[in-house]
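Text of the file run.csv, holding CSV, C-alpha atoms:
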```
chain,number,residue,atom,x,y,z
A,60,MET,CA,-2.3,-26.9,3.1
A,61,GLY,CA,0.0,-29.2,5.0
A,62,LYS,CA,1.3,-32.6,3.8
A,63,PRO,CA,-1.2,-35.4,4.0
A,64,ASN,CA,-0.9,-38.0,6.8
A,65,PRO,CA,0.3,-41.3,5.3
A,66,LEU,CA,-2.1,-43.2,7.5
A,67,LEU,CA,-5.1,-41.1,6.3
A,68,VAL,CA,-4.0,-41.6,2.7
A,69,ILE,CA,-4.0,-45.4,3.1
A,70,LEU,CA,-7.4,-45.3,4.8
A,71,THR,CA,-8.8,-43.1,2.1
A,72,ALA,CA,-7.6,-45.5,-0.6
A,73,ILE,CA,-9.2,-48.4,1.2
A,74,TRP,CA,-12.5,-46.5,1.6
A,75,ARG,CA,-12.6,-45.7,-2.2
A,76,LEU,CA,-11.7,-49.2,-3.1
A,77,GLY,CA,-14.7,-50.4,-1.0
A,78,ILE,CA,-16.9,-48.0,-3.1
A,79,ALA,CA,-15.6,-49.5,-6.3
A,80,ILE,CA,-16.3,-53.0,-5.1
A,81,CYS,CA,-19.8,-52.1,-4.0
A,82,ALA,CA,-20.7,-50.5,-7.3
A,83,PHE,CA,-19.2,-53.4,-9.3
A,84,SER,CA,-21.0,-56.0,-7.2
A,85,GLY,CA,-24.3,-54.3,-7.9
A,86,TRP,CA,-23.6,-54.2,-11.7
A,87,TRP,CA,-22.6,-57.9,-11.6
A,88,LEU,CA,-25.7,-59.0,-9.7
A,89,TYR,CA,-27.8,-57.2,-12.3
A,90,GLY,CA,-26.6,-59.7,-14.9
A,91,HIS,CA,-23.4,-57.8,-16.1
A,92,ASP,CA,-24.9,-58.0,-19.6
A,93,PRO,CA,-23.3,-55.4,-22.0
A,94,ALA,CA,-26.7,-55.3,-23.9
A,95,GLU,CA,-28.3,-53.7,-20.8
A,96,LEU,CA,-25.8,-50.9,-20.5
A,97,PRO,CA,-28.3,-48.4,-21.8
A,98,PHE,CA,-30.0,-48.6,-18.4
A,99,LEU,CA,-28.7,-45.7,-16.4
A,100,THR,CA,-28.5,-48.0,-13.3
A,101,GLN,CA,-26.1,-50.5,-14.9
A,102,SER,CA,-24.0,-48.0,-16.9
A,103,GLY,CA,-23.8,-45.6,-13.9
A,104,ASN,CA,-22.6,-48.2,-11.4
A,105,LEU,CA,-20.1,-49.7,-13.8
A,106,LEU,CA,-18.7,-46.2,-14.5
A,107,VAL,CA,-18.5,-45.4,-10.8
A,108,SER,CA,-16.6,-48.7,-10.1
A,109,ILE,CA,-14.0,-47.9,-12.7
A,110,VAL,CA,-13.5,-44.3,-11.6
A,111,TYR,CA,-13.2,-45.1,-7.9
A,112,LEU,CA,-10.9,-48.0,-8.6
A,113,GLY,CA,-8.6,-45.5,-10.4
A,114,LEU,CA,-8.8,-43.0,-7.5
A,115,ALA,CA,-8.0,-45.8,-5.0
A,116,VAL,CA,-4.8,-46.5,-6.9
A,117,TYR,CA,-3.8,-43.0,-8.0
A,118,TYR,CA,-4.7,-41.1,-4.8
A,119,PRO,CA,-2.0,-42.6,-2.5
A,120,VAL,CA,0.7,-42.6,-5.2
A,121,ALA,CA,0.2,-39.0,-6.1
A,122,SER,CA,-0.3,-37.8,-2.5
A,123,LEU,CA,2.8,-39.5,-1.1
A,124,ALA,CA,5.0,-38.6,-4.1
A,125,THR,CA,4.1,-34.9,-4.4
A,126,GLY,CA,3.1,-34.2,-0.7
A,127,LYS,CA,-0.3,-32.8,-1.6
A,128,GLU,CA,-3.7,-34.1,-2.5
A,129,PRO,CA,-4.4,-34.4,-6.3
A,130,GLY,CA,-7.2,-32.4,-7.7
A,131,SER,CA,-10.0,-34.8,-8.3
A,132,GLY,CA,-13.0,-32.6,-7.4
A,133,LYS,CA,-14.4,-32.4,-11.0
A,134,LEU,CA,-14.4,-36.2,-11.4
A,135,ARG,CA,-15.8,-37.0,-8.0
A,136,GLY,CA,-18.5,-34.4,-8.3
A,137,ALA,CA,-19.6,-35.9,-11.7
A,138,MET,CA,-19.8,-39.4,-10.2
A,139,THR,CA,-21.7,-38.2,-7.1
A,140,LEU,CA,-24.3,-36.3,-9.2
A,141,LEU,CA,-24.7,-39.3,-11.4
A,142,MET,CA,-25.5,-41.6,-8.4
A,143,ILE,CA,-27.9,-39.0,-7.0
A,144,VAL,CA,-29.8,-39.0,-10.2
A,145,VAL,CA,-29.9,-42.9,-10.3
A,146,GLY,CA,-31.0,-43.2,-6.7
A,147,CYS,CA,-33.6,-40.4,-6.6
A,148,THR,CA,-35.1,-41.5,-9.9
A,149,TYR,CA,-35.5,-45.1,-8.9
A,150,VAL,CA,-36.7,-44.6,-5.3
A,151,GLY,CA,-38.4,-41.2,-5.5
A,152,VAL,CA,-39.9,-41.1,-9.1
A,153,MET,CA,-40.4,-44.7,-10.0
A,154,GLY,CA,-41.1,-46.1,-6.5
A,155,GLY,CA,-38.8,-49.0,-7.1
A,156,ASP,CA,-38.4,-52.0,-4.8
A,157,ILE,CA,-35.1,-52.3,-2.9
A,158,GLY,CA,-35.8,-55.7,-1.4
A,159,GLU,CA,-33.3,-57.5,-3.6
A,160,PRO,CA,-29.5,-57.1,-3.0
A,161,LYS,CA,-28.8,-55.8,-6.5
A,162,ASP,CA,-31.4,-53.1,-6.2
A,163,LEU,CA,-30.2,-52.2,-2.7
A,164,LEU,CA,-26.6,-51.9,-3.8
A,165,THR,CA,-27.1,-50.0,-7.0
A,166,HIS,CA,-29.8,-47.6,-5.9
A,167,VAL,CA,-29.2,-47.0,-2.2
A,168,VAL,CA,-25.8,-48.2,-0.8
A,169,THR,CA,-23.5,-47.0,-3.6
A,170,PRO,CA,-25.2,-43.6,-4.0
A,171,TRP,CA,-24.9,-43.0,-0.2
A,172,LEU,CA,-21.3,-44.1,-0.1
A,173,VAL,CA,-20.4,-41.8,-3.0
A,174,PHE,CA,-22.3,-38.9,-1.3
A,175,LEU,CA,-20.5,-39.4,2.0
A,176,ASP,CA,-17.2,-39.5,0.2
A,177,TRP,CA,-18.0,-36.1,-1.2
A,178,CYS,CA,-19.1,-34.6,2.1
A,179,PHE,CA,-16.4,-35.9,4.5
A,180,VAL,CA,-13.4,-37.4,2.6
A,181,GLY,CA,-10.6,-35.5,1.0
A,182,ARG,CA,-10.2,-31.8,0.3
A,183,SER,CA,-10.4,-31.4,-3.4
A,184,GLN,CA,-14.2,-30.7,-3.2
A,185,ASN,CA,-13.3,-27.5,-1.2
A,186,ARG,CA,-11.8,-25.9,-4.4
A,187,THR,CA,-14.9,-26.2,-6.6
A,188,ARG,CA,-16.0,-23.3,-8.7
A,189,TRP,CA,-19.5,-22.0,-9.6
A,190,TRP,CA,-19.3,-23.4,-13.1
A,191,HIS,CA,-18.3,-27.0,-12.1
A,192,PRO,CA,-22.0,-28.2,-11.9
A,193,PHE,CA,-22.3,-27.6,-15.6
A,194,LEU,CA,-19.4,-30.0,-16.1
A,195,TRP,CA,-20.9,-32.6,-13.8
A,196,ILE,CA,-24.2,-32.8,-15.8
A,197,ILE,CA,-22.3,-33.9,-19.0
A,198,VAL,CA,-22.6,-37.6,-18.2
A,199,PRO,CA,-26.4,-37.7,-17.4
A,200,GLY,CA,-26.9,-35.1,-20.2
A,201,VAL,CA,-25.3,-37.3,-22.9
A,202,TRP,CA,-27.4,-40.3,-21.7
A,203,LEU,CA,-30.6,-38.2,-21.8
A,204,ILE,CA,-29.9,-36.9,-25.3
A,205,GLY,CA,-29.4,-40.5,-26.6
A,206,TYR,CA,-32.6,-41.6,-24.8
A,207,SER,CA,-34.6,-38.8,-26.5
A,208,ILE,CA,-33.2,-39.4,-30.0
A,209,THR,CA,-33.7,-43.2,-30.0
A,210,GLY,CA,-37.1,-43.0,-28.5
A,211,GLY,CA,-36.1,-44.5,-25.1
A,212,TYR,CA,-33.5,-47.1,-26.3
A,213,ARG,CA,-36.4,-49.3,-27.6
A,214,TRP,CA,-34.1,-52.0,-29.0
A,215,VAL,CA,-33.3,-53.2,-25.5
A,216,ARG,CA,-36.9,-54.2,-24.7
A,217,GLY,CA,-38.2,-54.6,-28.2
A,218,SER,CA,-40.9,-52.0,-28.6
A,219,SER,CA,-41.3,-50.2,-25.2
A,220,PRO,CA,-39.0,-47.5,-23.8
A,221,LEU,CA,-36.7,-48.4,-20.9
A,222,TYR,CA,-38.6,-46.2,-18.5
A,223,GLY,CA,-42.4,-46.1,-18.9
A,224,PHE,CA,-42.9,-42.8,-17.1
A,225,ALA,CA,-40.7,-41.0,-19.7
A,226,ASP,CA,-41.8,-42.0,-23.2
A,227,PRO,CA,-40.3,-39.7,-25.9
A,228,ARG,CA,-43.4,-40.3,-28.1
A,229,ASP,CA,-45.8,-38.9,-25.5
A,230,GLY,CA,-46.9,-35.3,-25.6
A,231,ASP,CA,-45.9,-34.5,-22.0
A,232,TYR,CA,-42.3,-35.8,-22.5
A,233,GLY,CA,-41.1,-32.2,-23.0
A,234,ALA,CA,-42.2,-31.1,-19.5
A,235,ILE,CA,-40.6,-34.2,-18.0
A,236,LEU,CA,-37.4,-33.6,-19.8
A,237,ILE,CA,-37.2,-30.0,-18.6
A,238,GLY,CA,-37.9,-31.1,-15.0
A,239,LEU,CA,-35.1,-33.7,-15.2
A,240,VAL,CA,-32.7,-31.1,-16.5
A,241,PHE,CA,-33.5,-28.5,-13.8
A,242,ALA,CA,-33.5,-31.1,-11.1
A,243,THR,CA,-30.0,-32.3,-12.2
A,244,ILE,CA,-28.6,-28.8,-12.2
A,245,ALA,CA,-30.1,-28.1,-8.7
A,246,GLY,CA,-28.4,-31.3,-7.4
A,247,GLY,CA,-25.1,-30.1,-8.9
A,248,TYR,CA,-25.3,-26.8,-7.0
A,249,LEU,CA,-26.3,-28.6,-3.9
A,250,LEU,CA,-23.0,-30.5,-4.1
A,251,TYR,CA,-21.2,-27.3,-4.8
A,252,GLY,CA,-22.6,-25.7,-1.6
A,253,ILE,CA,-21.7,-28.8,0.4
A,254,GLY,CA,-18.1,-28.6,-0.9
A,255,LYS,CA,-17.8,-24.9,0.0
A,256,LEU,CA,-19.3,-25.5,3.5
A,257,LYS,CA,-16.9,-28.3,4.1
A,258,GLY,CA,-14.0,-26.0,3.2
A,259,VAL,CA,-15.1,-23.3,5.7
A,260,LEU,CA,-15.6,-25.9,8.5
A,261,SER,CA,-12.2,-27.5,7.8
A,262,ARG,CA,-10.4,-24.2,8.0
A,263,ALA,CA,-12.2,-23.3,11.2
A,264,VAL,CA,-11.2,-26.6,12.8
A,265,ARG,CA,-7.6,-26.2,11.7
A,266,GLY,CA,-7.5,-22.6,12.7
A,267,GLU,CA,-6.6,-21.4,9.2
A,268,SER,CA,-7.8,-18.2,7.5
A,269,ALA,CA,-9.4,-18.1,4.0
A,270,PRO,CA,-6.8,-18.1,1.2
A,271,THR,CA,-5.9,-14.6,0.1
A,272,ARG,CA,-3.8,-13.3,-2.7
A,273,GLY,CA,-0.3,-12.6,-1.6
A,274,PRO,CA,1.7,-9.4,-2.2
A,275,GLN,CA,2.8,-8.9,-5.7
A,276,PRO,CA,6.5,-9.4,-6.3
A,277,GLY,CA,8.6,-6.4,-7.0
A,278,PRO,CA,11.0,-5.9,-9.9
A,279,ARG,CA,13.8,-8.4,-10.2
A,280,PRO,CA,17.2,-7.2,-9.2
A,281,TYR,CA,20.3,-7.9,-11.2
A,282,PRO,CA,22.2,-11.1,-10.2
A,283,GLY,CA,24.1,-10.4,-7.0
A,284,GLN,CA,22.5,-7.0,-6.4
A,285,GLN,CA,21.7,-6.3,-2.8
A,286,PRO,CA,19.1,-3.8,-1.5
A,287,PRO,CA,20.5,-0.5,0.1
A,288,PRO,CA,21.0,-0.4,3.9
A,289,GLY,CA,17.7,0.0,5.8
A,290,ARG,CA,15.5,-1.2,2.9
A,291,PRO,CA,13.6,-4.5,2.9
A,292,PRO,CA,14.7,-7.3,0.5
A,293,TYR,CA,13.7,-7.1,-3.1
A,294,GLY,CA,10.1,-8.3,-3.7
A,295,GLN,CA,8.8,-7.1,-0.3
A,296,GLN,CA,7.0,-3.8,0.4
A,297,PRO,CA,8.0,-1.8,3.5
A,298,PRO,CA,5.3,-1.4,6.0
A,299,HIS,CA,3.5,2.0,6.0
A,300,GLN,CA,4.4,3.9,9.1
A,301,GLN,CA,3.0,7.3,10.0
A,302,PRO,CA,5.2,9.9,11.9
A,303,PRO,CA,4.4,10.1,15.6
A,304,PHE,CA,2.1,12.9,16.7
A,305,HIS,CA,3.3,15.2,19.5
A,306,PRO,CA,0.4,16.8,21.5
A,307,GLN,CA,2.4,20.0,22.1
A,308,ALA,CA,3.6,20.5,18.6
A,309,PRO,CA,2.6,23.9,17.2
A,310,GLN,CA,-0.1,24.0,14.6
A,311,TYR,CA,0.7,25.5,11.2
A,312,GLN,CA,-1.2,28.7,10.6
A,313,PRO,CA,-0.9,30.4,7.2
A,314,GLN,CA,0.1,34.1,7.4
A,315,SER,CA,-0.7,36.7,4.8
A,316,GLN,CA,2.5,38.6,5.2
A,317,TYR,CA,6.0,37.7,6.4
A,318,GLN,CA,6.6,38.5,10.0
A,319,PRO,CA,9.9,37.7,11.7
A,320,HIS,CA,9.7,35.3,14.5
A,321,SER,CA,10.0,36.7,18.0
A,322,GLN,CA,12.5,34.1,18.9
A,323,TYR,CA,14.9,35.3,16.2
A,324,PRO,CA,15.0,39.2,16.2
A,325,ALA,CA,16.3,41.0,13.2
A,326,GLN,CA,20.1,41.6,13.3
A,327,PRO,CA,21.4,45.2,12.8
A,328,GLN,CA,23.3,45.8,9.7
A,329,PRO,CA,27.1,46.1,10.2
A,330,TYR,CA,27.5,49.0,7.8
A,331,PRO,CA,25.0,51.8,7.2
A,332,PRO,CA,24.0,52.4,3.6
A,333,GLN,CA,26.2,55.1,2.0
A,334,GLN,CA,24.6,58.2,0.4
A,335,TYR,CA,26.2,59.6,-2.7
A,336,PRO,CA,25.5,63.3,-3.7
A,337,PRO,CA,24.2,63.8,-7.3
A,338,GLN,CA,27.0,64.6,-9.8
A,339,PRO,CA,26.5,67.5,-12.2
A,340,GLN,CA,26.1,66.5,-15.8
A,341,PRO,CA,28.6,68.1,-18.3
A,342,GLN,CA,27.2,70.8,-20.7
A,343,PHE,CA,28.2,70.8,-24.3
A,344,PRO,CA,27.7,73.7,-26.8
A,345,PRO,CA,25.2,73.1,-29.6
A,346,GLN,CA,26.8,72.0,-32.8
A,347,PRO,CA,25.8,73.5,-36.2
A,348,ALA,CA,23.9,71.3,-38.6
A,349,PRO,CA,26.0,70.0,-41.5
A,350,PRO,CA,25.4,71.7,-44.9
A,351,PRO,CA,23.3,69.7,-47.4
A,352,TYR,CA,25.0,67.9,-50.2
A,353,PRO,CA,25.1,69.8,-53.5
A,354,PRO,CA,22.8,68.5,-56.2
A,355,GLN,CA,24.5,66.1,-58.6
A,356,GLN,CA,24.6,67.1,-62.2
A,357,SER,CA,24.1,64.5,-64.9
A,358,PRO,CA,27.2,64.0,-67.2
A,359,HIS,CA,24.9,64.1,-70.2
A,360,PRO,CA,23.3,67.5,-71.2
A,361,GLN,CA,19.7,67.6,-71.4
A,362,GLN,CA,18.4,66.9,-75.0
A,363,PRO,CA,15.3,68.2,-76.5
A,364,PRO,CA,12.5,65.7,-76.5
A,365,ASN,CA,12.1,63.1,-79.2
A,366,GLN,CA,15.8,63.5,-80.2
A,367,PRO,CA,18.1,60.5,-80.3
A,368,ALA,CA,21.1,60.5,-78.1
A,369,PRO,CA,24.5,61.7,-79.6
A,370,TYR,CA,26.1,58.4,-78.9
A,371,PRO,CA,24.7,55.0,-78.4
A,372,GLN,CA,23.7,54.1,-75.0
A,373,GLN,CA,24.0,50.7,-73.4
A,374,GLY,CA,20.9,48.7,-74.0
A,375,HIS,CA,19.7,50.7,-77.1
A,376,PRO,CA,20.2,49.6,-80.7
A,377,THR,CA,22.5,51.9,-82.9
A,378,GLN,CA,20.4,51.3,-86.1
A,379,PRO,CA,16.7,51.0,-86.6
A,380,PRO,CA,15.5,47.4,-86.9
A,381,PRO,CA,15.1,46.1,-90.5
A,382,PRO,CA,11.7,46.1,-92.0
A,383,PRO,CA,9.8,42.8,-91.8
A,384,GLN,CA,10.3,40.6,-94.9
A,385,ARG,CA,7.3,39.4,-96.8
A,386,TRP,CA,7.2,35.9,-98.1
```

Using the file provided, produce a representation of the structure as C-alpha cells.
Amino acid sequence: MGKPNPLLVILTAIWRLGIAICAFSGWWLYGHDPAELPFLTQSGNLLVSIVYLGLAVYYPVASLATGKEPGSGKLRGAMTLLMIVVGCTYVGVMGGDIGEPKDLLTHVVTPWLVFLDWCFVGRSQNRTRWWHPFLWIIVPGVWLIGYSITGGYRWVRGSSPLYGFADPRDGDYGAILIGLVFATIAGGYLLYGIGKLKGVLSRAVRGESAPTRGPQPGPRPYPGQQPPPGRPPYGQQPPHQQPPFHPQAPQYQPQSQYQPHSQYPAQPQPYPPQQYPPQPQPQFPPQPAPPPYPPQQSPHPQQPPNQPAPYPQQGHPTQPPPPPQRW
C-alpha cells in the first residue's frame, strides 16, 4: 500500500467531520436531554458524532505522520452496524414518520452517510476478518440486554416500555429478541462482505495482486559474513533450475552384466602372467614317540588301614582331643 495522498487525507477528514456534525445535530434537535439517552436513536447518534469527530482529527494526523492509513475498521464497522439497526428499526419495523428534520437526520441521513463512508471511503475496511461482526454487535447487544432486564427502560416513560412492539413482559418477546439478534448478525456479515468486495475492486483498479506471504528469511549470518561466490545473499532462496535436456542424449539402460564399451577396447596386458612349476615338498623320517614318564612313588610307605601315621602330618592333631567336661 502506497503513501496516502495529502489532498485525499484532508478531504476524508472533512467528510467525516460532516458526518459528526450531522449526527450531533440530530441528537440536539431531539432535545439533547440526558434522561432520554436510553432511546437507541439518541444514544446511537451521540456516540456516532463523538467517534467520527475523533476520526476526523486522528485520521489526518496519523496518516501524514506515519505514511499509512490507521486501522479503524473495527470502530467504523461497529458504528455503521449501529446506525443500520437504528434506521431499519425505525423505518422498516416501526413505520416511523421522517417528516421532521430531527427524524430525517437521525434515522435516514446519518445512517446513509455512515454506510457510504464504509463502502467507498478509506481502506481499513478491506482488512476485516470473519470474526469482526461479533465485535460490532457489542454496542447494540449491551443496549438490548439492559432493555430486557429493566423491562424496556420503563422509568423514562413512567410505566410503558420505550418501544411498544417489543415489551419484555409479553409472551412473544423471546421470538422478537431472537429475530433482532439474528438480523443484527446478518447486517454485520453484510458489511463484512462489502469490505472484502471493496478490497478486491480496489486492487483490480490499481493493478495490484492479492497480498501473499513472502519468503521465509534464512539463517542470520555472522556480522560481516558474506555469501560465497555464485550464491544469492543471505535470506534469499536461489531459483530452482532444471538441467537442459538434449534430444540426442543417450538414454540410460541398465545391464545385467558388465560389458566393455565398444568405444574403449580392452588394452592388452604388457607382461604375460608367469607360470611357476610346483616345488617338491621335503620328506622327513618318522620320529619315535617319547617314552612315558615313570610312575612317581610316594615318599611315605603304605600303612595298613586304620593305623595312625608314624609322624604327625600337617593338619592333623598329634594328641586325641580332651573329653568333654561336665558341669

Contacts of segment 166-173 of chain A within 12 Å, all atoms listed in the file, excl. fewer than 6 positions in-chain, as a PyMOL selection string: chain A and resi 74-86+89+99-101+103-108+110-111+134-151+153-160+179-180+250

Atom CA of Leu96 of chain A to atom CA of Leu194 of chain A, distance in Å rounded to a single decimal: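 According to the coordinates, atom CA of Leu96 of chain A and atom CA of Leu194 of chain A are separated by 22.3 Å.
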
From A:Trp195, A:Pro65, A:Phe174, A:Ile73, residue lying nearest Gly126 of chain A [all atoms listed in the file]: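 Counting all atoms listed in the file, the residue closest to Gly126 of chain A is A:Pro65.
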
Spatial neighbours of Gly258 of chain A, 9 Å, all atoms listed in the file, chain gap at least 5 places, as a PyMOL selection string: chain A and resi 182+184-186+253+263

Distance in Å - atom CA of Leu164 of chain A versus atom CA of Ala225 of chain A: 23.9 Å

Surrounding residues of Ile69 of chain A excluding itself and chain neighbours under 6 positions, 10 Å, all atoms listed in the file, as an MDAnalysis selection string: chainID A and resid 115 118:120 123

Report, as lines of an AutoDock Vina configuration file, the axis-aligned box around all atoms of segment 246-256 of chain A present in the file, extended by 4 Å on each side; give centre and edge lengths in Å to one decimal place.
```
center_x = -23.1
center_y = -28.1
center_z = -2.7
size_x = 18.6
size_y = 14.4
size_z = 20.4
```

List as a JSON list (two decimals) with C-alpha atoms, keeping the file's coordinate frame the protein and nucleic acid residues near Phe224 of chain A, meaning an atom at most 10 Å away when only C-alpha atoms are counted, but skip any in the same chain fewer than 4 places from it.
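Written out: result16.json:
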```
[["chain", "number", "residue", "atom", "x", "y", "z"],
["A", 152, "VAL", "CA", -39.90, -41.10, -9.10],
["A", 153, "MET", "CA", -40.40, -44.70, -10.00],
["A", 220, "PRO", "CA", -39.00, -47.50, -23.80],
["A", 229, "ASP", "CA", -45.80, -38.90, -25.50],
["A", 232, "TYR", "CA", -42.30, -35.80, -22.50],
["A", 235, "ILE", "CA", -40.60, -34.20, -18.00]]
```

A:Tyr251, A:Phe343, A:Tyr117, A:Tyr206 ranked by distance to Phe193 of chain A, top pick (using all atoms listed in the file): A:Tyr251

Point-to-point distance from atom CA of Lys257 of chain A to atom CA of Arg188 of chain A, Å rounded to tenths: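 Between these atoms lies a distance of 13.8 Å.
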
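Residue nearest Phe241 of chain A, chosen from A:Gly200, A:Gly130, A:Pro227, A:Pro339 and counting all atoms listed in the file: A:Gly200.
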